[in-house]
Structure formats: structure tokens, C-alpha cells
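Each remark here refers to the structure printed beneath this line.
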Amino acid sequence: MTAEQARREFDAATVWLPFDLHPEYPPEGIPLVELHRRYGIGVGDRDPLIDRFALAGLEYNRPEIVPNTRLALRLTELARERGLQERFHDRLMDAYWAEATDIGDPDELRRLAAEAGLDGADVERVIDDPAAYLDTVEASTTSAVSIGINAIPGFLLDERLIVLGAQPLEVFRRAFDELAA
């Protein structure tokens, strides 16, 4: 299920908060094959996300490198501050999942930030300062972990129920039914 589907189906508001799932990844990321091996997920034609994306009507063309997303998260906080967070977030997701873009690469992030309307000087300031927005990213990650979020996406519904990972629409229907009971 996509956030847009949640908005339509459940009249839900979506707020994307930074969550650094793998801060231990090196700056250059890790091979996708390694990630799949860690979690026992099939690769290539056996990648289970291919079918999930197709069922949702989404394109799946992920890069062969799983990035360290810390810089992308920090730039997303810049975008939030500038009122461009949703536009930048959506651009990052499309670039990563449909265009096989390494969103850990500063040059790619510069390009995507410009496409989303972020000021180049502001982007350079964040890229050049590893501490810029880092407190926000780390605090949000710590807060999420403290309530049991350990996967992405992680959804906190009505501040009472957590749904982890990319789940089908039916999982959300059951969750919202549980909240209504």
C-alpha cells in the first residue's frame, strides 16, 4: 500500500519522519545482493518486491547498491524546513525505486534536490556540514525505535498501533478496523 492509497482509503494524514535504518552502512552503501542475503530474500527475478510493486501499479527498478541514506535524510529535513519536504521525499522515492538512482551519492542528491526546488547553496551547506540536521535525524530515529519501529516504512496509526514494512492494503484495513473497535 502506498501513502497515497492510505490517504484516499482511510482519510489518513501522512507525516514522513526521518528514520536511519542502517547508520552502520558505509558511505558508499552495500550491494543489494548482500542485503537480500542478510534477510533471506530472493534476488533478480525472485525478488519478492517485484510482484508487490506490480500489484500496486508501481515501477520497480531499484539500484544494485543499497545506500547509506543519512545525507538524504538530512537533506529531507532541509526540505521540510523550506516547505518542500513532500516534493523532495517523493522525488527521492521515485529516483530510488523506479529509476535505480543511488540516493546516497551526493551528486545524485544535488540533482534531485534541484529538481525538487531546493536552493543549491542550502544543499551545499548541508552536504558540507555533517552535523546539519543530524540531531533531528538521530532524535527521530531514537524515538521511533523506542516505540518498537525497526523497519521501513513504519506506520504509527492513531498513535496506538504500529504497522511495519511495505504491507498490502488488507493489512491496513484490518489495522484500522482494530482501531475502530
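Residues are referred to by chain and number: the chain letter is A, B, ... according to the order shown in the C-alpha cells, the number counts from 1 in that chain, and ligands are numbered separately from 1 in the order shown.
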Write out as a PyMOL selection string each polymer residue whose atoms come within 10 Å of region 57-69 of chain A, counting only C-alpha atoms; drop sequence neighbours fewer than 3 positions from it. chain A and resi 2+18-35+49-54+72-75+94-105
Enumerate the residues of region 77-175 of chain A with a DSSP assignment of strand (DSSP E), computed from the backbone, and present them as a list in words.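 The strand (DSSP E) residues within region 77-175 of chain A come out as Gly154, Phe155, Leu156, Leu157, Leu161, Ile162, Val163 and Leu164 of chain A.
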Please save C-alpha atoms of the selected residues as a short mmCIF file (atom, residue, chain, number, x, y, z; two decimals), in the first residue's frame.
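File produced: part00.cif:
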```cif
data_model
loop_
_atom_site.label_atom_id
_atom_site.label_comp_id
_atom_site.auth_asym_id
_atom_site.auth_seq_id
_atom_site.Cartn_x
_atom_site.Cartn_y
_atom_site.Cartn_z
CA GLY A 154 6.94 2.14 9.71
CA PHE A 155 3.42 3.42 10.28
CA LEU A 156 2.11 4.60 13.62
CA LEU A 157 -1.68 4.63 13.34
CA LEU A 161 -0.88 0.76 16.52
CA ILE A 162 2.29 0.12 14.53
CA VAL A 163 2.38 -1.45 11.07
CA LEU A 164 5.89 -2.28 9.89
#
```
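Note that CA of Met93 (chain A) and CA of Asp177 (chain A) are 28.7 Å apart.
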When you look at region 165-172 of chain A with a cut-off of 8 Å (counting only C-alpha atoms), what residues show up, excluding the ones that are within fewer than 5 positions of it in the same chain? I need them as a ChimeraX atom specification. /A:1,151-154
Proximity to Ser143 (chain A) - best of A:Leu17, A:Phe10, A:Val123, A:Arg160, only C-alpha atoms: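 With only C-alpha atoms as the atom set, the closest residue is A:Leu17.
The gap separating CA of Leu109 (chain A) from CA of Glu77 (chain A) is 13.3 Å, in Å to one decimal.
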Could you pull out the residues in region 1-179 of chain A that DSSP calls helix (DSSP H, G or I) from the backbone, as a PyMOL selection string? chain A and resi 3-10+32-39+44-46+48-55+70-81+85-99+106-116+120-128+134-146+169-179
Considering only C-alpha atoms, return as a short mmCIF file (atom, residue, chain, number, x, y, z; two decimals) with all heavy atoms, in the first residue's frame whatever protein or nucleic-acid residues lie within 12 Å of Gly120 (chain A), sequence-local ones (same chain, fewer than 2 positions apart) excluded.
```
data_model
loop_
_atom_site.label_atom_id
_atom_site.label_comp_id
_atom_site.auth_asym_id
_atom_site.auth_seq_id
_atom_site.Cartn_x
_atom_site.Cartn_y
_atom_site.Cartn_z
N LEU A 75 19.06 16.04 4.16
CA LEU A 75 18.56 16.96 3.13
C LEU A 75 17.03 17.02 3.14
O LEU A 75 16.45 18.07 2.85
CB LEU A 75 19.07 16.56 1.75
CG LEU A 75 20.53 16.89 1.50
CD1 LEU A 75 21.03 16.22 0.22
CD2 LEU A 75 20.76 18.40 1.43
N LEU A 78 16.13 19.60 5.58
CA LEU A 78 16.25 20.92 4.96
C LEU A 78 15.01 21.21 4.13
O LEU A 78 14.43 22.30 4.23
CB LEU A 78 17.51 20.99 4.08
CG LEU A 78 17.60 22.21 3.15
CD1 LEU A 78 17.79 23.49 3.94
CD2 LEU A 78 18.72 22.00 2.13
N ALA A 79 14.60 20.23 3.34
CA ALA A 79 13.41 20.41 2.51
C ALA A 79 12.16 20.66 3.37
O ALA A 79 11.33 21.51 3.02
CB ALA A 79 13.21 19.18 1.62
N ASP A 107 26.24 13.73 -5.48
CA ASP A 107 25.93 14.34 -6.78
C ASP A 107 24.50 14.05 -7.20
O ASP A 107 23.80 14.93 -7.73
CB ASP A 107 26.91 13.87 -7.86
CG ASP A 107 28.30 14.45 -7.66
OD1 ASP A 107 28.42 15.55 -7.05
OD2 ASP A 107 29.27 13.81 -8.11
N LEU A 109 22.07 13.44 -5.13
CA LEU A 109 21.22 14.20 -4.21
C LEU A 109 21.17 15.67 -4.60
O LEU A 109 20.12 16.31 -4.48
CB LEU A 109 21.70 14.02 -2.77
CG LEU A 109 21.42 12.63 -2.20
CD1 LEU A 109 22.16 12.43 -0.90
CD2 LEU A 109 19.91 12.43 -2.00
N ARG A 110 22.27 16.21 -5.08
CA ARG A 110 22.26 17.60 -5.57
C ARG A 110 21.25 17.74 -6.71
O ARG A 110 20.46 18.68 -6.75
CB ARG A 110 23.65 18.00 -6.08
CG ARG A 110 24.66 18.28 -5.02
CD ARG A 110 26.03 18.65 -5.66
NE ARG A 110 27.01 18.92 -4.64
CZ ARG A 110 27.88 18.02 -4.18
NH1 ARG A 110 27.90 16.78 -4.68
NH2 ARG A 110 28.74 18.35 -3.24
N ARG A 111 21.30 16.79 -7.65
CA ARG A 111 20.40 16.83 -8.81
C ARG A 111 18.95 16.71 -8.36
O ARG A 111 18.09 17.50 -8.78
CB ARG A 111 20.75 15.68 -9.76
CG ARG A 111 19.83 15.57 -10.96
CD ARG A 111 20.23 14.42 -11.88
NE ARG A 111 20.10 13.11 -11.28
CZ ARG A 111 18.97 12.42 -11.19
NH1 ARG A 111 17.84 12.92 -11.67
NH2 ARG A 111 18.95 11.21 -10.64
N LEU A 112 18.66 15.76 -7.49
CA LEU A 112 17.29 15.55 -7.04
C LEU A 112 16.78 16.74 -6.22
O LEU A 112 15.61 17.13 -6.34
CB LEU A 112 17.20 14.26 -6.23
CG LEU A 112 17.54 12.99 -7.01
CD1 LEU A 112 17.69 11.80 -6.07
CD2 LEU A 112 16.50 12.71 -8.09
N ALA A 113 17.66 17.31 -5.40
CA ALA A 113 17.27 18.49 -4.61
C ALA A 113 16.92 19.65 -5.54
O ALA A 113 15.94 20.37 -5.31
CB ALA A 113 18.40 18.86 -3.66
N ALA A 114 17.72 19.85 -6.58
CA ALA A 114 17.44 20.93 -7.54
C ALA A 114 16.10 20.67 -8.23
O ALA A 114 15.29 21.60 -8.40
CB ALA A 114 18.56 21.03 -8.57
N GLU A 115 15.84 19.43 -8.61
CA GLU A 115 14.56 19.10 -9.26
C GLU A 115 13.38 19.36 -8.33
O GLU A 115 12.29 19.68 -8.80
CB GLU A 115 14.57 17.63 -9.70
CG GLU A 115 15.50 17.35 -10.86
CD GLU A 115 15.59 15.87 -11.21
OE1 GLU A 115 14.76 15.07 -10.72
OE2 GLU A 115 16.49 15.53 -11.99
N ALA A 116 13.60 19.21 -7.03
CA ALA A 116 12.52 19.45 -6.06
C ALA A 116 12.40 20.92 -5.68
O ALA A 116 11.50 21.30 -4.94
CB ALA A 116 12.76 18.61 -4.80
N GLY A 117 13.33 21.76 -6.17
CA GLY A 117 13.24 23.19 -5.92
C GLY A 117 14.07 23.70 -4.76
O GLY A 117 13.91 24.86 -4.35
N LEU A 118 14.95 22.86 -4.22
CA LEU A 118 15.80 23.33 -3.12
C LEU A 118 16.92 24.21 -3.65
O LEU A 118 17.45 23.97 -4.73
CB LEU A 118 16.40 22.14 -2.36
CG LEU A 118 15.43 21.41 -1.45
CD1 LEU A 118 16.01 20.09 -1.00
CD2 LEU A 118 15.09 22.28 -0.25
N ASP A 122 21.93 26.15 -0.14
CA ASP A 122 21.46 25.46 1.07
C ASP A 122 21.84 23.98 1.04
O ASP A 122 22.26 23.42 2.05
CB ASP A 122 19.94 25.58 1.22
CG ASP A 122 19.49 26.97 1.60
OD1 ASP A 122 20.32 27.77 2.08
OD2 ASP A 122 18.29 27.26 1.43
N VAL A 123 21.69 23.38 -0.11
CA VAL A 123 22.04 21.96 -0.27
C VAL A 123 23.53 21.77 -0.01
O VAL A 123 23.94 20.85 0.72
CB VAL A 123 21.63 21.45 -1.66
CG1 VAL A 123 22.22 20.07 -1.95
CG2 VAL A 123 20.11 21.44 -1.80
N GLU A 124 24.37 22.63 -0.58
CA GLU A 124 25.82 22.52 -0.37
C GLU A 124 26.18 22.69 1.09
O GLU A 124 27.06 22.00 1.61
CB GLU A 124 26.57 23.53 -1.22
CG GLU A 124 26.59 23.20 -2.69
CD GLU A 124 27.11 21.81 -3.01
OE1 GLU A 124 28.14 21.38 -2.42
OE2 GLU A 124 26.50 21.14 -3.85
N ARG A 125 25.49 23.59 1.79
CA ARG A 125 25.75 23.80 3.21
C ARG A 125 25.50 22.52 3.99
O ARG A 125 26.31 22.13 4.85
CB ARG A 125 24.86 24.93 3.74
CG ARG A 125 25.04 25.22 5.22
CD ARG A 125 24.12 26.33 5.72
NE ARG A 125 22.72 26.12 5.43
CZ ARG A 125 21.91 25.32 6.16
NH1 ARG A 125 22.37 24.66 7.19
NH2 ARG A 125 20.64 25.20 5.84
N VAL A 126 24.42 21.81 3.68
CA VAL A 126 24.10 20.57 4.39
C VAL A 126 25.10 19.47 4.01
O VAL A 126 25.57 18.73 4.87
CB VAL A 126 22.65 20.12 4.10
CG1 VAL A 126 22.36 18.75 4.67
CG2 VAL A 126 21.66 21.15 4.66
N ILE A 127 25.44 19.39 2.74
CA ILE A 127 26.41 18.37 2.30
C ILE A 127 27.76 18.61 2.97
O ILE A 127 28.41 17.67 3.42
CB ILE A 127 26.54 18.36 0.76
CG1 ILE A 127 25.25 17.79 0.15
CG2 ILE A 127 27.76 17.56 0.31
CD1 ILE A 127 25.18 17.90 -1.36
#
```
Which residue out of A:Val43, A:Val137, A:Leu55, A:Ala6 has the minimum interatomic distance to Arg70 (chain A) when only C-alpha atoms are used? A:Val137
